[in-house]
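Worksheet: one structure, shown below.
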Amino acid sequence: MRKIILLGLAFGLLQGSNPANSDAGSAARVESAAAAESSLASISIENPSLFEREDQPVYLTLNALGVKTGALEDGARTILVQDKQGVVPSQLIDSDGDGINDQLLISVDLKAAQTRKLTLTLVPAADSAVAFEKRTQAELSIKQGGEWQGKTYVGGDFVNVQSLTPPPQYTDHSYYIRYEGPGIESDRIAYRFYLDWRNGFDIFAKVRRGLALQNIGQDGYESYHHLSDWGMDVLKVGQSLGMGGYGYWDGKAALRVSDVDRRTARIINNGAIFSSLTIDYDGWNIADQKVDLQAHFSMTAGSPLVHTRLHLSKTLPNLVVGLVKHDNTEVIRGDLDITGQAWSYIATFGQQSLNNDDLGMFLLFKKEDLQQATEDDHSQVAVLDLNGGTDIDYYFGALWSAEPEPVTDVAGLRAFLENEVEKLTLAPRISLKTTLSQSQKTAPMTSKQALDWAVRVADSEMQRRGDSLAYGGFDQLRGRVSDWNYTTGLLMHALDDVGQATGKAKYSDYARKTIDSFLTDDGVIRGYDESEYNIDQINSGKMLVRYYQRTGGEKYKAAAAALAHQLENHPRTSEGAFWHKKRYPGQLWMDGVYMGMPFLAGYAVSLGTPEQLKEAVHEFEITRAHLRDPKTGLYFHAWDEKKQQNWADPETGLSHYVWGRGMGWFAMALVDVLDFIPEDQEELRRPLLAMVSELADTLRRYQDESGVWYQIVDMPEKEGNYLEASGSSMFVYFLADALNHGYLPETYRPVALKGFQGLVNEFINVAADQKVSVTNICEVAGLGFGRDGSYRYYMSEPVIDNDPKGLGPFVMAAIKVSQLLQSN
């Protein structure tokens, strides 16, 4: 385990091969005069798993913590992390290699389902310090004092350096770089990277915990191939990708990153609990073009995994990663019947070490990134899809049967990997409260303040996004080319609402410009395909109706008519409810009610027929009849009329859990559709108004004391469940809008206001650059195609910041609450 070392000296950037050394970010320093300390943040970290997580890494950007870029670079102050038991290991790190620390890494031990509460304090780094046992290392060592004789370096001594671009004559076995390239390690295992045409990755496995790289190869290039007191080089790389190496798949074989103009290796972090390095390949000649590639490798204390991030100067059809193939080994594949964002693996196990004993090697990747798992003559490979982008990340690692606490068989390796992919898929639940953010939340909530939160979030998002969501852009959050989809329409709806509420044209102009980018002059929607019969594609059509009402533009009318035509022909259940998608036959989802019905109602009033308005109301009636639990008043996520899906109850056809955002979509749709139904059409309004009343009562009963709601609404105590921003924002929008229209009595005003204050308290973070984020948003949730509707599934989808499905409804809720507070 870890040790804490008390030092009576200031720390600087330490270099060289001594593992006791660390860089400026690897120690948390404590100034003896406590009066100089200042509170930075408090954080709650929950383990969502039913097994212990040792050395769980938690990454926080300094900007999110309220620390300005470069503010800690002079070494005068640092961040101390503590809980009731004492100091918790942490390290300032440079995540992007620009030479400036921009993140804080915390390494925390978590028992099964445990929550730990930590405090973060800014302290001067003066006369005393707390340092942590050095458990990671990255190094690069070359000979100096000798001379080149052809392609061989003769004489000299090894000296550690921070960066290296090998000279043109350098090649394999030049005896210039110690162990032939940069190395990285944790206290469990070490790896080296050949900095030459082979571009192979190798393993230095250890017989004891601790750091070893500083001693390996000091006596030459032979000794580490034999078992010593630290361990040995255990892998024969040959012509393969080695241990987790990368290249390009030409359809038949993995092509290594061999033909390049120049390679440059740099040590980025060399700290106690986190170390990293990069290799830049300039001018990689591949696929009939030249591409620049940067690889970023990092390791954390206690883990055998290397996190590898690859960045290209331009996209390629794929990148391939792999493991060397050996005879007499078993190939192990992880589950691929999972959600796209979940992690899986390929591994090999058997007598494949140079010590003639068992070795397990593995690759971990997101299911959505995998094009295919295959092999060539030399490697087991995973072909990864860049999805039109330039970035991909994955992990590789190894376990040796001679290491302490070894994995000795396939079952043990599989058990280890199942835990690792769960740790990557189910990230720790984080609740962060910074001093900067909290200082801006103390005033009583007023109409002006509520609107100001909407404006600040809108301004921040427009700055973050730029024009990336327009046609032809690249959506960094989704990791794909921007297209006509419901999230863009939702966000533009919210921004246009800000423009209408403030009278400032920049918000509405931004929204209209984005929507317009998807339309041709004659109203054809770029990238839209009716034949998919995907009801999600309808949501952005609300903006078309809005713009037609506002401008009379014929292109908006034509584009809206195309979406209405889809609904006219859209497949339906036997009672007339719209299927969620053509590929989801017979399925009614809560999400789809919002995606389609507000558009259909708005279109009916502006451009369509009364029958379409009746269809919209009928959708709510069918949804209530099948998805509402009469005992609780809660709605399940989806219903399969055919009762055949693996997520559906075989007797009722219902999914098994109450997903917050699913109910949120339905709640928003209720009040939005009521906006379009004329007051004199009481027969159509009556069932919706009844649903508003009963849903409001249900939401009041399940509202958390914080004011917001859980991801799985009725299971607040279940491990991994968390307070979730998107569903909570939708519920507040629904309550405030219903109050504004008189659909609910004034007794619900405190419920709505408590909800909005909860949104601000729990989910709003003000960063050092003054940008405002909406946090703790479930990125996505669906059913089928690897999504089995289990509790674990709903916990497994990523929890992120500033997803439009949470940010948009927050902005819209803030505007509705501002209007509600005006009525005081």
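Residue numbering restarts at 1 for every chain of the structure tokens, chains are lettered A, B, ... in their displayed order, and ligands are numbered from 1 as they appear.
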- request: Write out as a ChimeraX atom specification the residues lying within 7 Å of stretch 299-312 of chain A, counting only C-alpha atoms and excluding same-chain residues fewer than 2 positions away.
  value: /A:55,135-136,185-189,273-276,291-297,314-315,390-398
- prompt: So which residues of stretch 307-481 of chain A fall under strand (DSSP E) by DSSP, listed as an MDAnalysis selection string?
  reply: chainID A and resid 307:312 319:324 329:333 343:351 358:366 370:375 379:384 391:400 429:434 474:475 480:481
Any chance you could export the current selection's C-alpha atoms as an mmCIF file, in the first residue's frame?
data_model
loop_
_atom_site.group_PDB
_atom_site.id
_atom_site.type_symbol
_atom_site.label_atom_id
_atom_site.label_comp_id
_atom_site.auth_asym_id
_atom_site.auth_seq_id
_atom_site.Cartn_x
_atom_site.Cartn_y
_atom_site.Cartn_z
ATOM 1 C CA HIS A 307 -4.314 4.589 -20.825
ATOM 2 C CA THR A 308 -3.469 5.338 -24.453
ATOM 3 C CA ARG A 309 -4.897 8.363 -26.277
ATOM 4 C CA LEU A 310 -4.237 8.658 -30.001
ATOM 5 C CA HIS A 311 -4.687 11.912 -31.917
ATOM 6 C CA LEU A 312 -4.370 12.257 -35.695
ATOM 7 C CA LEU A 319 -6.714 2.601 -36.323
ATOM 8 C CA VAL A 320 -5.761 -0.884 -35.187
ATOM 9 C CA VAL A 321 -4.430 -1.983 -31.790
ATOM 10 C CA GLY A 322 -3.144 -5.415 -30.967
ATOM 11 C CA LEU A 323 -1.395 -8.119 -28.979
ATOM 12 C CA VAL A 324 1.393 -10.346 -30.196
ATOM 13 C CA THR A 329 -2.495 -19.384 -25.768
ATOM 14 C CA GLU A 330 -6.195 -18.892 -25.288
ATOM 15 C CA VAL A 331 -7.965 -15.849 -26.749
ATOM 16 C CA ILE A 332 -10.549 -14.345 -24.388
ATOM 17 C CA ARG A 333 -13.193 -11.909 -25.573
ATOM 18 C CA TRP A 343 -16.016 -1.049 -22.230
ATOM 19 C CA SER A 344 -15.052 -4.548 -23.331
ATOM 20 C CA TYR A 345 -11.816 -6.409 -24.008
ATOM 21 C CA ILE A 346 -9.700 -8.847 -25.971
ATOM 22 C CA ALA A 347 -7.122 -10.832 -24.033
ATOM 23 C CA THR A 348 -4.739 -13.741 -24.385
ATOM 24 C CA PHE A 349 -3.494 -16.090 -21.692
ATOM 25 C CA GLY A 350 -1.027 -18.938 -21.637
ATOM 26 C CA GLN A 351 2.625 -19.893 -21.588
ATOM 27 C CA ASP A 358 1.947 -17.911 -17.936
ATOM 28 C CA LEU A 359 1.284 -14.360 -19.045
ATOM 29 C CA GLY A 360 -1.987 -12.578 -19.627
ATOM 30 C CA MET A 361 -2.212 -9.602 -22.004
ATOM 31 C CA PHE A 362 -5.268 -7.492 -22.757
ATOM 32 C CA LEU A 363 -6.765 -4.580 -24.656
ATOM 33 C CA LEU A 364 -9.739 -2.591 -23.333
ATOM 34 C CA PHE A 365 -11.890 -0.459 -25.641
ATOM 35 C CA LYS A 366 -15.375 1.028 -25.924
ATOM 36 C CA LEU A 370 -14.858 -1.466 -32.329
ATOM 37 C CA GLN A 371 -15.157 -2.142 -36.056
ATOM 38 C CA GLN A 372 -14.032 -5.741 -35.768
ATOM 39 C CA ALA A 373 -11.937 -8.105 -33.674
ATOM 40 C CA THR A 374 -9.696 -10.197 -35.899
ATOM 41 C CA GLU A 375 -6.093 -11.290 -36.382
ATOM 42 C CA SER A 379 -1.163 -10.142 -33.829
ATOM 43 C CA GLN A 380 -4.598 -10.445 -32.305
ATOM 44 C CA VAL A 381 -6.168 -7.100 -33.173
ATOM 45 C CA ALA A 382 -9.049 -4.764 -32.504
ATOM 46 C CA VAL A 383 -9.847 -2.495 -35.452
ATOM 47 C CA LEU A 384 -11.147 0.798 -34.068
ATOM 48 C CA ASP A 391 -9.144 10.837 -31.630
ATOM 49 C CA ILE A 392 -9.441 7.418 -30.039
ATOM 50 C CA ASP A 393 -8.500 6.049 -26.639
ATOM 51 C CA TYR A 394 -8.021 2.576 -25.235
ATOM 52 C CA TYR A 395 -6.112 0.725 -22.497
ATOM 53 C CA PHE A 396 -3.602 -2.084 -22.590
ATOM 54 C CA GLY A 397 -1.956 -4.108 -19.866
ATOM 55 C CA ALA A 398 -0.489 -7.396 -18.727
ATOM 56 C CA LEU A 399 -0.440 -9.709 -15.692
ATOM 57 C CA TRP A 400 2.393 -12.159 -15.085
ATOM 58 C CA ARG A 429 -20.320 9.139 -8.644
ATOM 59 C CA ILE A 430 -18.993 12.648 -8.076
ATOM 60 C CA SER A 431 -20.669 15.556 -6.342
ATOM 61 C CA LEU A 432 -18.437 18.628 -6.407
ATOM 62 C CA LYS A 433 -19.141 21.844 -4.490
ATOM 63 C CA THR A 434 -16.538 24.540 -5.090
ATOM 64 C CA PHE A 474 -17.930 17.974 -35.677
ATOM 65 C CA ASP A 475 -19.756 17.405 -32.401
ATOM 66 C CA ARG A 480 -19.123 12.316 -34.542
ATOM 67 C CA VAL A 481 -19.955 14.571 -37.465
#
Taking only residues of stretch 536-605 of chain A that have an atom at most 10 Å from an atom of stretch 485-508 of chain A, what is each one's shortest atom pair and its distance in Å to one decimal, using only C-alpha atoms, in chain and number order, as CSV?
residue,atom,partner,partner_atom,distance
A:Asp536,CA,A:Tyr486,CA,5.6
A:Gln537,CA,A:Asn485,CA,5.5
A:Ile538,CA,A:Tyr486,CA,7.2
A:Asn539,CA,A:Tyr486,CA,5.2
A:Ser540,CA,A:Gly489,CA,4.0
A:Gly541,CA,A:Gly489,CA,7.6
A:Lys542,CA,A:Gly489,CA,7.8
A:Met543,CA,A:His493,CA,6.7
A:Leu544,CA,A:Gly489,CA,9.7
A:Arg546,CA,A:His493,CA,9.5
A:Met595,CA,A:Tyr486,CA,7.3
task: Please provide as a ChimeraX atom specification all residues within 8 Å of A:Ser818, with the sequence filter that same-chain residues fewer than 3 positions apart are discarded (counting only C-alpha atoms).
output: /A:446-451,814-815,821-822
message: What does the structure give for the distance between atom CA of A:His565 and atom CA of A:Glu530, in Å to one decimal?
response: 8.4 Å
- request: Extract, using only C-alpha atoms, all DNA, RNA and protein residues at most 10 Å from A:Thr632, discarding same-chain residues fewer than 6 positions from it, and format them as number ranges by chain.
  value: A: 698, 701-702, 714
If you take only C-alpha atoms and a cut-off of 8 Å, which residues of stretch 647-748 of chain A touch stretch 610-617 of chain A, and what are their nearest atom pairs and distances in Å to one decimal, in chain and number order, as a Markdown table?
| residue | atom | partner | partner_atom | distance |
| --- | --- | --- | --- | --- |
| A:Val673 | CA | A:Ala616 | CA | 7.9 |
| A:Ile677 | CA | A:Leu613 | CA | 7.5 |
| A:Leu684 | CA | A:Val617 | CA | 6.7 |
| A:Leu688 | CA | A:Val617 | CA | 7.4 |
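The coordinates place atom CA of A:Gln289 at 15.5 Å from atom CA of A:Arg262.
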message: DSSP on the backbone, alpha helix (DSSP H) only: what residues of stretch 272-509 of chain A does that give? Format it as a PyMOL selection string.
response: chain A and resi 410-425+435-439+447-465+486-502+505-509
Please provide as an mmCIF file with all heavy atoms, in the first residue's frame all residues within 10 Å of stretch 459-461 of chain A, with the sequence filter that same-chain residues fewer than 4 positions apart are discarded (counting only C-alpha atoms).
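The result, stored in result_16.cif:
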data_model
loop_
_atom_site.group_PDB
_atom_site.id
_atom_site.type_symbol
_atom_site.label_atom_id
_atom_site.label_comp_id
_atom_site.auth_asym_id
_atom_site.auth_seq_id
_atom_site.Cartn_x
_atom_site.Cartn_y
_atom_site.Cartn_z
ATOM 1 N N TRP A 453 -29.224 32.867 -14.574
ATOM 2 C CA TRP A 453 -28.627 31.540 -14.713
ATOM 3 C C TRP A 453 -28.845 30.990 -16.117
ATOM 4 O O TRP A 453 -27.943 30.371 -16.706
ATOM 5 C CB TRP A 453 -29.188 30.572 -13.676
ATOM 6 C CG TRP A 453 -28.603 30.733 -12.305
ATOM 7 C CD1 TRP A 453 -29.259 31.047 -11.143
ATOM 8 C CD2 TRP A 453 -27.223 30.583 -11.941
ATOM 9 N NE1 TRP A 453 -28.389 31.100 -10.081
ATOM 10 C CE2 TRP A 453 -27.120 30.821 -10.544
ATOM 11 C CE3 TRP A 453 -26.067 30.275 -12.639
ATOM 12 C CZ2 TRP A 453 -25.908 30.755 -9.854
ATOM 13 C CZ3 TRP A 453 -24.846 30.217 -11.956
ATOM 14 C CH2 TRP A 453 -24.779 30.449 -10.584
ATOM 15 N N ALA A 454 -30.026 31.203 -16.678
ATOM 16 C CA ALA A 454 -30.283 30.760 -18.050
ATOM 17 C C ALA A 454 -29.323 31.441 -19.023
ATOM 18 O O ALA A 454 -28.761 30.803 -19.920
ATOM 19 C CB ALA A 454 -31.729 31.040 -18.436
ATOM 20 N N VAL A 455 -29.144 32.742 -18.850
ATOM 21 C CA VAL A 455 -28.278 33.515 -19.737
ATOM 22 C C VAL A 455 -26.825 33.069 -19.610
ATOM 23 O O VAL A 455 -26.117 32.887 -20.606
ATOM 24 C CB VAL A 455 -28.414 35.018 -19.431
ATOM 25 C CG1 VAL A 455 -27.330 35.827 -20.144
ATOM 26 C CG2 VAL A 455 -29.795 35.511 -19.844
ATOM 27 N N ARG A 465 -19.257 25.727 -27.793
ATOM 28 C CA ARG A 465 -19.630 25.022 -29.022
ATOM 29 C C ARG A 465 -19.195 25.731 -30.291
ATOM 30 O O ARG A 465 -18.908 25.084 -31.302
ATOM 31 C CB ARG A 465 -21.155 24.838 -29.052
ATOM 32 C CG ARG A 465 -21.693 23.902 -27.994
ATOM 33 C CD ARG A 465 -21.438 22.452 -28.349
ATOM 34 N NE ARG A 465 -22.214 21.534 -27.535
ATOM 35 C CZ ARG A 465 -22.374 20.254 -27.811
ATOM 36 N NH1 ARG A 465 -21.809 19.729 -28.873
ATOM 37 N NH2 ARG A 465 -23.083 19.468 -27.018
ATOM 38 N N GLY A 466 -19.213 27.058 -30.296
ATOM 39 C CA GLY A 466 -18.955 27.762 -31.549
ATOM 40 C C GLY A 466 -19.961 27.341 -32.602
ATOM 41 O O GLY A 466 -21.154 27.214 -32.321
ATOM 42 N N LEU A 491 -31.330 21.969 -27.912
ATOM 43 C CA LEU A 491 -30.465 23.063 -27.492
ATOM 44 C C LEU A 491 -30.839 24.361 -28.192
ATOM 45 O O LEU A 491 -30.874 25.437 -27.556
ATOM 46 C CB LEU A 491 -29.005 22.704 -27.775
ATOM 47 C CG LEU A 491 -27.963 23.750 -27.371
ATOM 48 C CD1 LEU A 491 -28.045 24.067 -25.889
ATOM 49 C CD2 LEU A 491 -26.559 23.265 -27.756
ATOM 50 N N LEU A 495 -31.918 27.979 -26.558
ATOM 51 C CA LEU A 495 -31.247 29.248 -26.841
ATOM 52 C C LEU A 495 -32.217 30.263 -27.438
ATOM 53 O O LEU A 495 -32.159 31.460 -27.122
ATOM 54 C CB LEU A 495 -30.065 29.009 -27.779
ATOM 55 C CG LEU A 495 -28.927 28.153 -27.201
ATOM 56 C CD1 LEU A 495 -27.858 27.911 -28.262
ATOM 57 C CD2 LEU A 495 -28.325 28.819 -25.971
ATOM 58 N N VAL A 498 -34.114 31.807 -24.716
ATOM 59 C CA VAL A 498 -33.353 32.862 -24.037
ATOM 60 C C VAL A 498 -33.457 34.163 -24.819
ATOM 61 O O VAL A 498 -33.637 35.252 -24.248
ATOM 62 C CB VAL A 498 -31.874 32.448 -23.862
ATOM 63 C CG1 VAL A 498 -31.060 33.611 -23.278
ATOM 64 C CG2 VAL A 498 -31.760 31.229 -22.955
ATOM 65 N N LYS A 506 -28.875 37.814 -30.244
ATOM 66 C CA LYS A 506 -27.737 36.924 -30.509
ATOM 67 C C LYS A 506 -28.073 35.465 -30.224
ATOM 68 O O LYS A 506 -27.544 34.564 -30.885
ATOM 69 C CB LYS A 506 -26.510 37.351 -29.708
ATOM 70 C CG LYS A 506 -26.598 37.145 -28.204
ATOM 71 C CD LYS A 506 -25.253 37.455 -27.546
ATOM 72 C CE LYS A 506 -25.272 37.164 -26.060
ATOM 73 N NZ LYS A 506 -23.954 37.385 -25.414
ATOM 74 N N TYR A 507 -28.951 35.220 -29.257
ATOM 75 C CA TYR A 507 -29.296 33.837 -28.923
ATOM 76 C C TYR A 507 -30.187 33.226 -30.000
ATOM 77 O O TYR A 507 -29.951 32.103 -30.465
ATOM 78 C CB TYR A 507 -29.979 33.777 -27.555
ATOM 79 C CG TYR A 507 -29.153 34.382 -26.455
ATOM 80 C CD1 TYR A 507 -29.449 35.658 -25.944
ATOM 81 C CD2 TYR A 507 -28.061 33.710 -25.939
ATOM 82 C CE1 TYR A 507 -28.681 36.217 -24.949
ATOM 83 C CE2 TYR A 507 -27.279 34.267 -24.930
ATOM 84 C CZ TYR A 507 -27.595 35.530 -24.444
ATOM 85 O OH TYR A 507 -26.833 36.097 -23.454
ATOM 86 N N ASP A 769 -12.747 30.297 -15.314
ATOM 87 C CA ASP A 769 -12.889 31.174 -16.477
ATOM 88 C C ASP A 769 -14.290 31.768 -16.586
ATOM 89 O O ASP A 769 -14.625 32.404 -17.587
ATOM 90 C CB ASP A 769 -12.533 30.429 -17.769
ATOM 91 C CG ASP A 769 -13.458 29.236 -18.045
ATOM 92 O OD1 ASP A 769 -14.434 29.039 -17.303
ATOM 93 O OD2 ASP A 769 -13.183 28.508 -19.014
ATOM 94 N N GLN A 770 -15.101 31.549 -15.535
ATOM 95 C CA GLN A 770 -16.459 32.070 -15.409
ATOM 96 C C GLN A 770 -17.474 31.389 -16.326
ATOM 97 O O GLN A 770 -18.641 31.776 -16.352
ATOM 98 C CB GLN A 770 -16.502 33.589 -15.613
ATOM 99 C CG GLN A 770 -15.772 34.364 -14.529
ATOM 100 C CD GLN A 770 -16.305 34.050 -13.127
ATOM 101 O OE1 GLN A 770 -17.489 34.179 -12.860
ATOM 102 N NE2 GLN A 770 -15.410 33.636 -12.240
ATOM 103 N N LYS A 771 -17.069 30.377 -17.063
ATOM 104 C CA LYS A 771 -18.057 29.592 -17.797
ATOM 105 C C LYS A 771 -18.852 28.743 -16.811
ATOM 106 O O LYS A 771 -18.312 28.224 -15.837
ATOM 107 C CB LYS A 771 -17.393 28.705 -18.851
ATOM 108 C CG LYS A 771 -16.808 29.469 -20.035
ATOM 109 C CD LYS A 771 -16.382 28.490 -21.123
ATOM 110 C CE LYS A 771 -15.810 29.214 -22.339
ATOM 111 N NZ LYS A 771 -14.493 29.780 -22.074
ATOM 112 N N VAL A 772 -20.130 28.591 -17.103
ATOM 113 C CA VAL A 772 -21.031 27.865 -16.211
ATOM 114 C C VAL A 772 -21.378 26.529 -16.848
ATOM 115 O O VAL A 772 -21.732 26.465 -18.028
ATOM 116 C CB VAL A 772 -22.311 28.674 -15.939
ATOM 117 C CG1 VAL A 772 -23.232 27.926 -14.985
ATOM 118 C CG2 VAL A 772 -21.961 30.054 -15.362
ATOM 119 N N SER A 773 -21.274 25.475 -16.068
ATOM 120 C CA SER A 773 -21.570 24.124 -16.545
ATOM 121 C C SER A 773 -22.751 23.535 -15.796
ATOM 122 O O SER A 773 -22.970 23.837 -14.620
ATOM 123 C CB SER A 773 -20.352 23.206 -16.360
ATOM 124 O OG SER A 773 -19.325 23.538 -17.268
ATOM 125 N N VAL A 774 -23.487 22.671 -16.498
ATOM 126 C CA VAL A 774 -24.511 21.836 -15.881
ATOM 127 C C VAL A 774 -23.913 20.437 -15.786
ATOM 128 O O VAL A 774 -23.556 19.837 -16.802
ATOM 129 C CB VAL A 774 -25.808 21.817 -16.704
ATOM 130 C CG1 VAL A 774 -26.869 20.973 -15.995
ATOM 131 C CG2 VAL A 774 -26.322 23.228 -16.934
ATOM 132 N N ASN A 802 -22.730 19.167 -19.395
ATOM 133 C CA ASN A 802 -23.126 20.007 -20.526
ATOM 134 C C ASN A 802 -23.678 19.249 -21.725
ATOM 135 O O ASN A 802 -23.678 19.759 -22.841
ATOM 136 C CB ASN A 802 -21.944 20.896 -20.972
ATOM 137 C CG ASN A 802 -21.479 21.806 -19.868
ATOM 138 O OD1 ASN A 802 -22.292 22.360 -19.125
ATOM 139 N ND2 ASN A 802 -20.181 21.955 -19.711
ATOM 140 N N ASP A 803 -24.199 18.068 -21.506
ATOM 141 C CA ASP A 803 -24.927 17.408 -22.579
ATOM 142 C C ASP A 803 -26.199 18.212 -22.854
ATOM 143 O O ASP A 803 -26.880 18.648 -21.921
ATOM 144 C CB ASP A 803 -25.283 15.977 -22.167
ATOM 145 C CG ASP A 803 -25.869 15.183 -23.319
ATOM 146 O OD1 ASP A 803 -27.052 15.434 -23.655
ATOM 147 O OD2 ASP A 803 -25.177 14.322 -23.867
ATOM 148 N N PRO A 804 -26.559 18.418 -24.130
ATOM 149 C CA PRO A 804 -27.758 19.214 -24.435
ATOM 150 C C PRO A 804 -29.030 18.685 -23.791
ATOM 151 O O PRO A 804 -29.954 19.461 -23.516
ATOM 152 C CB PRO A 804 -27.849 19.139 -25.967
ATOM 153 C CG PRO A 804 -26.454 18.889 -26.418
ATOM 154 C CD PRO A 804 -25.830 18.021 -25.359
ATOM 155 N N LEU A 807 -28.501 20.346 -20.340
ATOM 156 C CA LEU A 807 -28.262 21.792 -20.385
ATOM 157 C C LEU A 807 -29.458 22.531 -20.966
ATOM 158 O O LEU A 807 -29.886 23.567 -20.430
ATOM 159 C CB LEU A 807 -26.998 22.076 -21.189
ATOM 160 C CG LEU A 807 -26.512 23.514 -21.208
ATOM 161 C CD1 LEU A 807 -24.988 23.564 -21.215
ATOM 162 C CD2 LEU A 807 -27.037 24.274 -22.433
ATOM 163 N N GLY A 808 -30.028 21.998 -22.071
ATOM 164 C CA GLY A 808 -31.190 22.652 -22.681
ATOM 165 C C GLY A 808 -32.366 22.750 -21.724
ATOM 166 O O GLY A 808 -32.917 23.835 -21.504
#
